[in-house]
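Working notes, beginning with the structure itself.
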Amino acid sequence: MSEKVSVPAWFDQWAKEQKAAKAYLDENSQLLYLLRRISSSETANGRVLTAAAKVFFIKAVLDGYAIEPPKYLLPMAGTTSRQAAGQLYAGLQQNGTWVAEYFTSGQAKPANFYVTQAQLSTAPEWVKAIQPVVADELA
């Protein structure tokens with residue numbers, strides 16, 4: 001058996017809903033139904049399932065998975081810039097230093113700007129003062 005991978009909470013919720021739709025089936029049949037839904041669906045819980053995502057989720061279901069803790073973005077309210085419409089965000093560098101960086105609306109944020117509750121609990125006061133927003137990441 002392989003090591004368990006972490007999946008987003010939305011996938012776990014969707015998987016449980018799929019299995020519950022076939023509650024009258026035995027456990028193995030529910031598993032087969034879920035695997036078929038993953039492989040044949042274009043979306044799951046409103047998210048597009050790429051071929052790579054389908055393979056990842058199928059392996060996760062077969063090998064077992066853990067639900068990853070929610071991640072948060074830290075938009076710094078009331079900040080302005082001379083650049084195009086956007087926002088300052090706080091993020092955590094690999095060396096443990098908290099930084100602020102400007103992102104235009106719709107611009108992808110680097111992974112270090114998605115933080116966990118554990119990281120927030122050890123953050124400096126200026127970071128703790130920011131109202132976190134739950135980030136809805138895809139696997």
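Residue numbers start at 1 in each chain; chains themselves are named A, B, ... in the order of the structure tokens; ligands are numbered from 1 in the order shown.
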(message) Please return, as a ChimeraX atom specification, all residues of chain A that DSSP assigns to alpha helix (DSSP H) on the basis of the backbone.
(response) /A:9-20,27-40,51-63,117-121,125-128
(message) DSSP on the backbone: which residues in chain A end up as strand (DSSP E or B)? Give the answer as a count of residues only.
(response) 34
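Nearest to Trp14 (chain A) of all the residues A:Ala44, A:Asp26, A:Ile130, A:Leu31 is A:Ala44, based on only C-alpha atoms.
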(request) Find the distance between CA of Arg47 (chain A) and CA of Val61 (chain A) and write it in Å to one decimal. (result)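 One can read the CA of Arg47 (chain A) to CA of Val61 (chain A) distance as 17.7 Å.
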(message) Taking only C-alpha atoms into account, name the residue in A:Ser39, A:Ala15, A:Trp10, A:Met76 that is nearest to Val55 (chain A).
(response)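 The closest residue to Val55 (chain A) is A:Ser39.
With distances restricted to only C-alpha atoms, A:Ser6 is the closest residue to Gly64 (chain A) from A:Asn45, A:Ser6, A:Gln13, A:Thr50.
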(request) Determine the nearest neighbour of Ile38 (chain A) from the options A:Leu92, A:Pro70, A:Ser121, A:Gln18, counting only C-alpha atoms. (result) A:Gln18
(request) Could you tell me which of A:Trp126, A:Lys71, A:Asp63, A:Ala108 comes closest to Ala90 (chain A) if we count only C-alpha atoms? (result)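 The closest residue to Ala90 (chain A) is A:Trp126.
Between CA of Leu73 (chain A) and CA of Lys109 (chain A) lies a distance of 9.1 Å.
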(message) Under the rule that only C-alpha atoms are counted, which of A:Ile58, A:Ala100, A:Val127, A:Ala52 is the nearest residue to Gln87 (chain A)?
(response) A:Ala100
